[in-house]
Each structure stands twice: as structure tokens, then as C-alpha cells.
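Asker: Hey, dropping final23.txt in here, compact mmCIF, N, CA and C atoms:
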# COMPACT_ATOMS: atom_id res chain seq x y z
N MET X 1 3.22 24.70 6.95
CA MET X 1 3.38 23.33 6.56
C MET X 1 4.74 23.10 5.94
N GLY X 2 5.27 24.04 5.22
CA GLY X 2 6.59 23.86 4.62
C GLY X 2 6.51 23.37 3.19
N ARG X 3 7.65 23.26 2.57
CA ARG X 3 7.73 22.83 1.19
C ARG X 3 7.60 21.31 1.10
N LEU X 4 6.87 20.86 0.10
CA LEU X 4 6.61 19.44 -0.08
C LEU X 4 7.59 18.88 -1.11
N PHE X 5 8.34 17.85 -0.73
CA PHE X 5 9.26 17.18 -1.64
C PHE X 5 8.67 15.81 -1.98
N LEU X 6 8.34 15.64 -3.26
CA LEU X 6 7.74 14.39 -3.71
C LEU X 6 8.76 13.55 -4.45
N ILE X 7 8.60 12.24 -4.35
CA ILE X 7 9.44 11.31 -5.09
C ILE X 7 8.71 11.00 -6.40
N ASN X 8 9.40 11.19 -7.53
CA ASN X 8 8.83 10.87 -8.83
C ASN X 8 9.35 9.52 -9.28
N LEU X 9 8.43 8.66 -9.70
CA LEU X 9 8.77 7.32 -10.15
C LEU X 9 8.75 7.26 -11.67
N GLU X 10 9.47 6.31 -12.24
CA GLU X 10 9.48 6.12 -13.69
C GLU X 10 9.02 4.71 -14.02
N GLY X 11 8.37 4.54 -15.16
CA GLY X 11 7.87 3.25 -15.58
C GLY X 11 6.37 3.18 -15.39
N ARG X 12 5.86 1.98 -15.18
CA ARG X 12 4.44 1.79 -14.94
C ARG X 12 4.17 2.08 -13.47
N ILE X 13 3.42 3.14 -13.21
CA ILE X 13 3.23 3.60 -11.84
C ILE X 13 1.76 3.70 -11.48
N TYR X 14 1.48 3.66 -10.18
CA TYR X 14 0.16 3.93 -9.66
C TYR X 14 0.19 5.31 -9.02
N THR X 15 -0.86 6.09 -9.27
CA THR X 15 -0.93 7.45 -8.77
C THR X 15 -2.21 7.67 -7.97
N CYS X 16 -2.22 8.72 -7.17
CA CYS X 16 -3.43 9.13 -6.47
C CYS X 16 -4.47 9.53 -7.52
N LYS X 17 -5.69 9.04 -7.38
CA LYS X 17 -6.71 9.34 -8.39
C LYS X 17 -7.19 10.79 -8.30
N PHE X 18 -6.87 11.48 -7.22
CA PHE X 18 -7.33 12.86 -7.08
C PHE X 18 -6.29 13.88 -7.55
N CYS X 19 -5.02 13.68 -7.19
CA CYS X 19 -4.00 14.69 -7.53
C CYS X 19 -2.86 14.15 -8.39
N ARG X 20 -2.90 12.85 -8.71
CA ARG X 20 -1.92 12.19 -9.57
C ARG X 20 -0.51 12.14 -8.98
N THR X 21 -0.38 12.25 -7.68
CA THR X 21 0.91 12.07 -7.01
C THR X 21 1.34 10.61 -7.17
N HIS X 22 2.59 10.38 -7.50
CA HIS X 22 3.10 9.02 -7.67
C HIS X 22 3.07 8.28 -6.33
N LEU X 23 2.59 7.02 -6.36
CA LEU X 23 2.48 6.23 -5.14
C LEU X 23 3.29 4.94 -5.17
N ALA X 24 3.28 4.22 -6.29
CA ALA X 24 3.94 2.91 -6.31
C ALA X 24 4.25 2.49 -7.74
N LEU X 25 5.18 1.55 -7.86
CA LEU X 25 5.53 0.96 -9.14
C LEU X 25 4.75 -0.34 -9.36
N TYR X 26 4.44 -0.61 -10.60
CA TYR X 26 3.76 -1.85 -10.96
C TYR X 26 4.57 -3.07 -10.50
N GLU X 27 5.88 -2.99 -10.59
CA GLU X 27 6.76 -4.10 -10.21
C GLU X 27 6.69 -4.42 -8.72
N ASP X 28 6.19 -3.51 -7.90
CA ASP X 28 6.13 -3.72 -6.46
C ASP X 28 4.81 -4.33 -5.99
N ILE X 29 3.94 -4.74 -6.93
CA ILE X 29 2.69 -5.40 -6.56
C ILE X 29 3.00 -6.80 -6.04
N VAL X 30 2.43 -7.12 -4.88
CA VAL X 30 2.55 -8.45 -4.30
C VAL X 30 1.29 -9.26 -4.62
N SER X 31 0.14 -8.61 -4.56
CA SER X 31 -1.12 -9.31 -4.81
C SER X 31 -2.16 -8.34 -5.36
N LYS X 32 -3.00 -8.84 -6.28
CA LYS X 32 -4.11 -8.05 -6.82
C LYS X 32 -5.45 -8.60 -6.34
N THR X 33 -5.44 -9.47 -5.36
CA THR X 33 -6.66 -10.15 -4.92
C THR X 33 -7.30 -9.53 -3.68
N PHE X 34 -6.86 -8.37 -3.25
CA PHE X 34 -7.43 -7.73 -2.07
C PHE X 34 -8.67 -6.94 -2.44
N HIS X 35 -9.58 -6.83 -1.47
CA HIS X 35 -10.79 -6.03 -1.64
C HIS X 35 -10.98 -5.21 -0.38
N SER X 36 -11.56 -4.04 -0.54
CA SER X 36 -11.86 -3.19 0.61
C SER X 36 -13.31 -2.77 0.51
N ARG X 37 -13.76 -2.05 1.49
CA ARG X 37 -15.14 -1.55 1.43
C ARG X 37 -15.32 -0.54 0.31
N HIS X 38 -14.21 -0.04 -0.24
CA HIS X 38 -14.26 0.93 -1.34
C HIS X 38 -14.04 0.27 -2.69
N GLY X 39 -13.81 -1.03 -2.71
CA GLY X 39 -13.59 -1.73 -3.97
C GLY X 39 -12.28 -2.48 -3.99
N LYS X 40 -11.76 -2.69 -5.18
CA LYS X 40 -10.54 -3.46 -5.38
C LYS X 40 -9.34 -2.75 -4.77
N ALA X 41 -8.41 -3.53 -4.20
CA ALA X 41 -7.19 -2.98 -3.61
C ALA X 41 -6.01 -3.86 -4.02
N TYR X 42 -4.87 -3.24 -4.23
CA TYR X 42 -3.65 -3.97 -4.56
C TYR X 42 -2.71 -3.94 -3.37
N LEU X 43 -1.99 -5.02 -3.17
CA LEU X 43 -1.03 -5.12 -2.08
C LEU X 43 0.37 -4.87 -2.63
N PHE X 44 1.06 -3.87 -2.09
CA PHE X 44 2.39 -3.49 -2.54
C PHE X 44 3.41 -3.75 -1.43
N ASN X 45 4.67 -3.95 -1.82
CA ASN X 45 5.71 -4.06 -0.80
C ASN X 45 6.50 -2.78 -0.65
N LYS X 46 6.17 -1.75 -1.43
CA LYS X 46 6.84 -0.46 -1.30
C LYS X 46 5.96 0.63 -1.89
N VAL X 47 5.79 1.72 -1.15
CA VAL X 47 5.06 2.88 -1.65
C VAL X 47 5.84 4.14 -1.28
N VAL X 48 5.54 5.23 -1.98
CA VAL X 48 6.18 6.51 -1.71
C VAL X 48 5.10 7.59 -1.62
N ASN X 49 5.49 8.74 -1.12
CA ASN X 49 4.63 9.91 -1.07
C ASN X 49 3.34 9.70 -0.28
N VAL X 50 3.45 8.96 0.83
CA VAL X 50 2.31 8.74 1.71
C VAL X 50 2.71 9.06 3.14
N SER X 51 1.71 9.41 3.94
CA SER X 51 1.93 9.59 5.38
C SER X 51 1.07 8.56 6.10
N LEU X 52 1.48 8.22 7.30
CA LEU X 52 0.85 7.14 8.06
C LEU X 52 -0.07 7.70 9.13
N GLY X 53 -1.27 7.13 9.23
CA GLY X 53 -2.23 7.51 10.26
C GLY X 53 -2.06 6.69 11.51
N GLU X 54 -3.01 6.78 12.39
CA GLU X 54 -3.00 6.05 13.66
C GLU X 54 -3.28 4.56 13.43
N THR X 55 -2.62 3.72 14.22
CA THR X 55 -2.85 2.28 14.18
C THR X 55 -4.13 1.95 14.93
N GLU X 56 -4.93 1.04 14.35
CA GLU X 56 -6.18 0.63 14.98
C GLU X 56 -6.52 -0.81 14.61
N GLU X 57 -7.37 -1.42 15.41
CA GLU X 57 -7.90 -2.75 15.10
C GLU X 57 -9.10 -2.54 14.20
N ARG X 58 -9.13 -3.24 13.05
CA ARG X 58 -10.21 -3.04 12.10
C ARG X 58 -10.75 -4.38 11.62
N PRO X 59 -12.09 -4.55 11.66
CA PRO X 59 -12.66 -5.79 11.12
C PRO X 59 -12.56 -5.79 9.60
N MET X 60 -12.00 -6.86 9.05
CA MET X 60 -11.89 -6.99 7.61
C MET X 60 -12.50 -8.33 7.21
N MET X 61 -12.53 -8.60 5.92
CA MET X 61 -13.16 -9.81 5.43
C MET X 61 -12.53 -11.08 6.01
N THR X 62 -11.24 -11.02 6.34
CA THR X 62 -10.53 -12.20 6.87
C THR X 62 -10.39 -12.16 8.39
N GLY X 63 -11.09 -11.25 9.05
CA GLY X 63 -11.03 -11.17 10.50
C GLY X 63 -10.57 -9.81 10.98
N LEU X 64 -10.22 -9.73 12.25
CA LEU X 64 -9.77 -8.49 12.86
C LEU X 64 -8.27 -8.31 12.63
N HIS X 65 -7.88 -7.15 12.08
CA HIS X 65 -6.47 -6.89 11.77
C HIS X 65 -6.05 -5.54 12.34
N THR X 66 -4.77 -5.43 12.69
CA THR X 66 -4.19 -4.16 13.09
C THR X 66 -3.71 -3.46 11.83
N VAL X 67 -4.25 -2.27 11.57
CA VAL X 67 -3.91 -1.53 10.37
C VAL X 67 -3.78 -0.05 10.69
N ALA X 68 -3.17 0.68 9.78
CA ALA X 68 -3.09 2.14 9.86
C ALA X 68 -3.39 2.68 8.48
N ASP X 69 -4.29 3.65 8.38
CA ASP X 69 -4.58 4.26 7.09
C ASP X 69 -3.34 5.00 6.58
N ILE X 70 -3.20 5.05 5.26
CA ILE X 70 -2.13 5.85 4.66
C ILE X 70 -2.78 6.93 3.80
N TYR X 71 -2.14 8.09 3.78
CA TYR X 71 -2.69 9.27 3.12
C TYR X 71 -1.72 9.77 2.05
N CYS X 72 -2.27 10.26 0.96
CA CYS X 72 -1.46 10.90 -0.08
C CYS X 72 -0.89 12.20 0.48
N VAL X 73 0.42 12.41 0.33
CA VAL X 73 1.01 13.64 0.85
C VAL X 73 0.69 14.83 -0.06
N GLY X 74 0.24 14.57 -1.28
CA GLY X 74 -0.10 15.65 -2.19
C GLY X 74 -1.42 16.32 -1.86
N CYS X 75 -2.45 15.51 -1.56
CA CYS X 75 -3.78 16.08 -1.33
C CYS X 75 -4.42 15.66 -0.01
N GLY X 76 -3.82 14.71 0.70
CA GLY X 76 -4.35 14.29 2.00
C GLY X 76 -5.44 13.24 1.93
N SER X 77 -5.76 12.74 0.74
CA SER X 77 -6.79 11.71 0.61
C SER X 77 -6.30 10.37 1.15
N ILE X 78 -7.22 9.60 1.72
CA ILE X 78 -6.87 8.24 2.13
C ILE X 78 -6.68 7.42 0.86
N VAL X 79 -5.51 6.80 0.72
CA VAL X 79 -5.23 6.00 -0.47
C VAL X 79 -5.09 4.51 -0.15
N GLY X 80 -5.18 4.14 1.10
CA GLY X 80 -5.08 2.73 1.44
C GLY X 80 -4.81 2.54 2.91
N TRP X 81 -4.23 1.39 3.23
CA TRP X 81 -3.88 1.08 4.61
C TRP X 81 -2.60 0.27 4.65
N LYS X 82 -2.00 0.24 5.82
CA LYS X 82 -0.74 -0.49 6.03
C LYS X 82 -0.96 -1.50 7.14
N TYR X 83 -0.34 -2.67 6.97
CA TYR X 83 -0.29 -3.66 8.04
C TYR X 83 1.04 -3.44 8.76
N PRO X 84 1.03 -2.83 9.95
CA PRO X 84 2.30 -2.61 10.66
C PRO X 84 2.98 -3.93 11.00
N MET X 85 4.30 -3.96 10.92
CA MET X 85 5.07 -5.16 11.26
C MET X 85 5.04 -5.35 12.77
N LYS X 86 4.88 -6.59 13.18
CA LYS X 86 4.89 -6.91 14.61
C LYS X 86 6.23 -7.53 14.96
N LYS X 87 6.49 -7.64 16.26
CA LYS X 87 7.74 -8.24 16.71
C LYS X 87 7.80 -9.73 16.40
N THR X 88 6.65 -10.40 16.42
CA THR X 88 6.62 -11.82 16.06
C THR X 88 6.41 -11.93 14.56
N ARG X 89 6.98 -12.94 13.97
CA ARG X 89 6.88 -13.13 12.53
C ARG X 89 6.02 -14.35 12.22
N SER X 90 4.78 -14.32 12.68
CA SER X 90 3.97 -15.53 12.57
C SER X 90 2.78 -15.41 11.62
N THR X 91 2.46 -14.25 11.12
CA THR X 91 1.28 -14.13 10.29
C THR X 91 1.65 -14.11 8.80
N ARG X 92 0.70 -14.50 7.99
CA ARG X 92 0.91 -14.56 6.55
C ARG X 92 1.30 -13.19 5.98
N LYS X 93 0.72 -12.15 6.49
CA LYS X 93 0.99 -10.82 5.96
C LYS X 93 2.39 -10.32 6.29
N GLU X 94 3.04 -10.96 7.25
CA GLU X 94 4.40 -10.55 7.60
C GLU X 94 5.45 -11.50 7.04
N ASN X 95 5.10 -12.73 6.81
CA ASN X 95 6.00 -13.71 6.19
C ASN X 95 5.37 -14.16 4.89
N LEU X 96 5.80 -13.57 3.83
CA LEU X 96 5.24 -13.88 2.52
C LEU X 96 6.21 -14.76 1.76
N TYR X 97 5.69 -15.77 1.11
CA TYR X 97 6.52 -16.66 0.32
C TYR X 97 6.18 -16.47 -1.16
N LEU X 98 7.16 -16.09 -1.94
CA LEU X 98 7.00 -15.94 -3.38
C LEU X 98 7.93 -16.91 -4.07
N ASN X 99 7.37 -17.79 -4.90
CA ASN X 99 8.15 -18.80 -5.60
C ASN X 99 9.02 -19.60 -4.64
N GLY X 100 8.50 -19.92 -3.46
CA GLY X 100 9.22 -20.72 -2.49
C GLY X 100 10.26 -19.97 -1.68
N THR X 101 10.41 -18.67 -1.90
CA THR X 101 11.40 -17.87 -1.19
C THR X 101 10.71 -16.97 -0.19
N LYS X 102 11.21 -16.96 1.05
CA LYS X 102 10.63 -16.11 2.09
C LYS X 102 11.05 -14.66 1.84
N CYS X 103 10.07 -13.75 1.83
CA CYS X 103 10.34 -12.34 1.58
C CYS X 103 9.85 -11.51 2.76
N GLN X 104 10.65 -10.61 3.23
CA GLN X 104 10.21 -9.65 4.24
C GLN X 104 9.67 -8.45 3.48
N VAL X 105 8.40 -8.15 3.67
CA VAL X 105 7.80 -7.06 2.90
C VAL X 105 7.03 -6.12 3.81
N LEU X 106 6.95 -4.89 3.38
CA LEU X 106 6.09 -3.90 4.01
C LEU X 106 4.78 -3.98 3.27
N MET X 107 3.74 -4.46 3.92
CA MET X 107 2.49 -4.69 3.23
C MET X 107 1.62 -3.44 3.25
N VAL X 108 1.33 -2.93 2.09
CA VAL X 108 0.49 -1.75 1.96
C VAL X 108 -0.53 -2.01 0.87
N ALA X 109 -1.79 -1.78 1.17
CA ALA X 109 -2.84 -1.93 0.16
C ALA X 109 -3.26 -0.55 -0.32
N ILE X 110 -3.26 -0.37 -1.62
CA ILE X 110 -3.64 0.90 -2.23
C ILE X 110 -5.03 0.73 -2.85
N ILE X 111 -5.91 1.68 -2.57
CA ILE X 111 -7.25 1.64 -3.13
C ILE X 111 -7.48 2.83 -4.04
N GLY X 112 -8.25 2.64 -5.07
CA GLY X 112 -8.70 3.74 -5.91
C GLY X 112 -7.63 4.52 -6.62
N SER X 113 -6.49 3.93 -6.91
CA SER X 113 -5.45 4.65 -7.63
C SER X 113 -5.58 4.38 -9.12
N THR X 114 -4.85 5.13 -9.91
CA THR X 114 -4.83 4.92 -11.35
C THR X 114 -3.44 4.56 -11.78
N MET X 115 -3.33 3.77 -12.86
CA MET X 115 -2.01 3.38 -13.35
C MET X 115 -1.68 4.21 -14.57
N GLU X 116 -0.43 4.67 -14.63
CA GLU X 116 0.07 5.44 -15.76
C GLU X 116 1.38 4.85 -16.20
N HIS X 117 1.75 5.13 -17.44
CA HIS X 117 3.06 4.72 -17.95
C HIS X 117 3.88 5.99 -18.10
N MET X 118 4.95 6.10 -17.31
CA MET X 118 5.79 7.31 -17.35
C MET X 118 7.08 7.03 -18.05
Show this structure as C-alpha cells.

Answerer:
Amino acid sequence: MGRLFLINLEGRIYTCKFCRTHLALYEDIVSKTFHSRHGKAYLFNKVVNVSLGETEERPMMTGLHTVADIYCVGCGSIVGWKYPMKKTRSTRKENLYLNGTKCQVLMVAIIGSTMEHM
């Protein structure tokens, strides 16, 4: 497998609940209103120390979406999912408006993580 190089974050961070690998910064939260079959999920515009699974169509509360699971590189646990960017920019998840400003974001929902202050 080789040597694992992890990115360490500073400040208020979210970590994998199993191995405490750093995943995201509090400042990168886009929304806290997401839910998954496993419970509450947060939507981030940037995450680290994850690997991407296969893309698939998945039924969610808001309809059928194309998503790919993301895995913690520290322990291999599923920590959330990603909405892959499409060539067209027509969906809410790809064109997000914050305070009236259009933002291009990488949408990733993290489930079951813990927050720490580093």
C-alpha cells in the first residue's frame, strides 16, 4: 500500500469518528441542514484525507442524485458522499449562492464525524 501522507488541519476541525483523521475545517461548512440514512450530515466545500468511490445514482430525500461515496484514508470508513460536478451548471448543488454571490463549490457531505479544536 505504501506510506500514507495525511494533511493536518489547524483550528476547528471535523475528524473521522473512528480514527480521528482530519477531514474538514469548520469554516468550510456550506450547510448544516443535510440528513442521510445514518443521521445528520454537513455539506462542505473542501475536504482532505479522503478517497473517492464509484459514482452511482442514489435515491435521496430530494430525489435521485448522482453521488460517489468518500472514504477516510486513515481507516477506510465511509465518511460521506460527493456530488460530482457535471458539465452543465444548472443544479442547485453546483451553483450555490451565498449572500447573493455565486460560488463554485465542491459539494461534499460528511456524516458521523466529530469536531475538535486544534

Asker: Looking at X:Val30, X:Leu25, X:Val73, X:Leu43, which one is nearest to Leu6 in chain X, with distances taken over all atoms listed in the file?

Answerer: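 Nearest candidate to Leu6 in chain X out of X:Val30, X:Leu25, X:Val73, X:Leu43: X:Val73.
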
Asker: Using CA of Ala68 in chain X and CA of Glu56 in chain X as the two end points, give the distance in Å to one decimal.

Answerer: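 Distance between the two atoms: 6.2 Å.
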
Asker: Using all atoms listed in the file, which protein or nucleic acid residues come within 6 Å of Val67 in chain X? Drop anything in the same chain fewer than 2 positions from it, and give the result as a count of residues only.

Answerer: 10

Asker: To one decimal in Å, tell me the separation between atom N of Tyr26 in chain X and CA of Leu4 in chain X.

Answerer: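 Taking atom N of Tyr26 in chain X as the start and CA of Leu4 in chain X as the end point, the length is 22.7 Å.
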
Asker: Could you please determine the separation between CA of Ile7 in chain X and CA of Leu23 in chain X in Å, to one decimal place?

Answerer: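 Separation between CA of Ile7 in chain X and CA of Leu23 in chain X: 8.6 Å.
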
Asker: Taking (10.1, 4.2, -13.2) in the file's coordinates, which residues come within 7 Å, counting only C-alpha atoms, written as a PyMOL selection string?

Answerer: chain X and resi 9-12+25+118

Asker: Compare X:Arg3, X:Thr62, X:Cys75, X:Glu27 by their minimum atom-to-atom distance to Asn45 in chain X, counting only C-alpha atoms, and give me the closest one.

Answerer: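 Between X:Arg3, X:Thr62, X:Cys75, X:Glu27, the residue approaching Asn45 in chain X most closely is X:Glu27.
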
Asker: Residues within 9 Å of Ile78 in chain X, please, as a ChimeraX atom specification. Count only C-alpha atoms; anything in the same chain fewer than 5 positions from it doesn't count.

Answerer: /X:69-72,111

Asker: Can I get the selected residues back with N, CA and C atoms, as a short mmCIF file (atom, residue, chain, number, x, y, z; two decimals), in the coordinates of the input?

Answerer:
data_model
loop_
_atom_site.label_atom_id
_atom_site.label_comp_id
_atom_site.auth_asym_id
_atom_site.auth_seq_id
_atom_site.Cartn_x
_atom_site.Cartn_y
_atom_site.Cartn_z
N ASP X 69 -4.29 3.65 8.38
CA ASP X 69 -4.58 4.26 7.09
C ASP X 69 -3.34 5.00 6.58
N ILE X 70 -3.20 5.05 5.26
CA ILE X 70 -2.13 5.85 4.66
C ILE X 70 -2.78 6.93 3.80
N TYR X 71 -2.14 8.09 3.78
CA TYR X 71 -2.69 9.27 3.12
C TYR X 71 -1.72 9.77 2.05
N CYS X 72 -2.27 10.26 0.96
CA CYS X 72 -1.46 10.90 -0.08
C CYS X 72 -0.89 12.20 0.48
N ILE X 111 -5.91 1.68 -2.57
CA ILE X 111 -7.25 1.64 -3.13
C ILE X 111 -7.48 2.83 -4.04
#

Asker: For the point (6.9, 2.9, -2.5) in file coordinates, what residues are within 8 Å, counting only C-alpha atoms? Give the answer as a list of chain:residue names?

Answerer: X:Leu23, X:Ala24, X:Leu25, X:Asp28, X:Phe44, X:Asn45, X:Lys46, X:Val47, X:Val48, X:Asn49
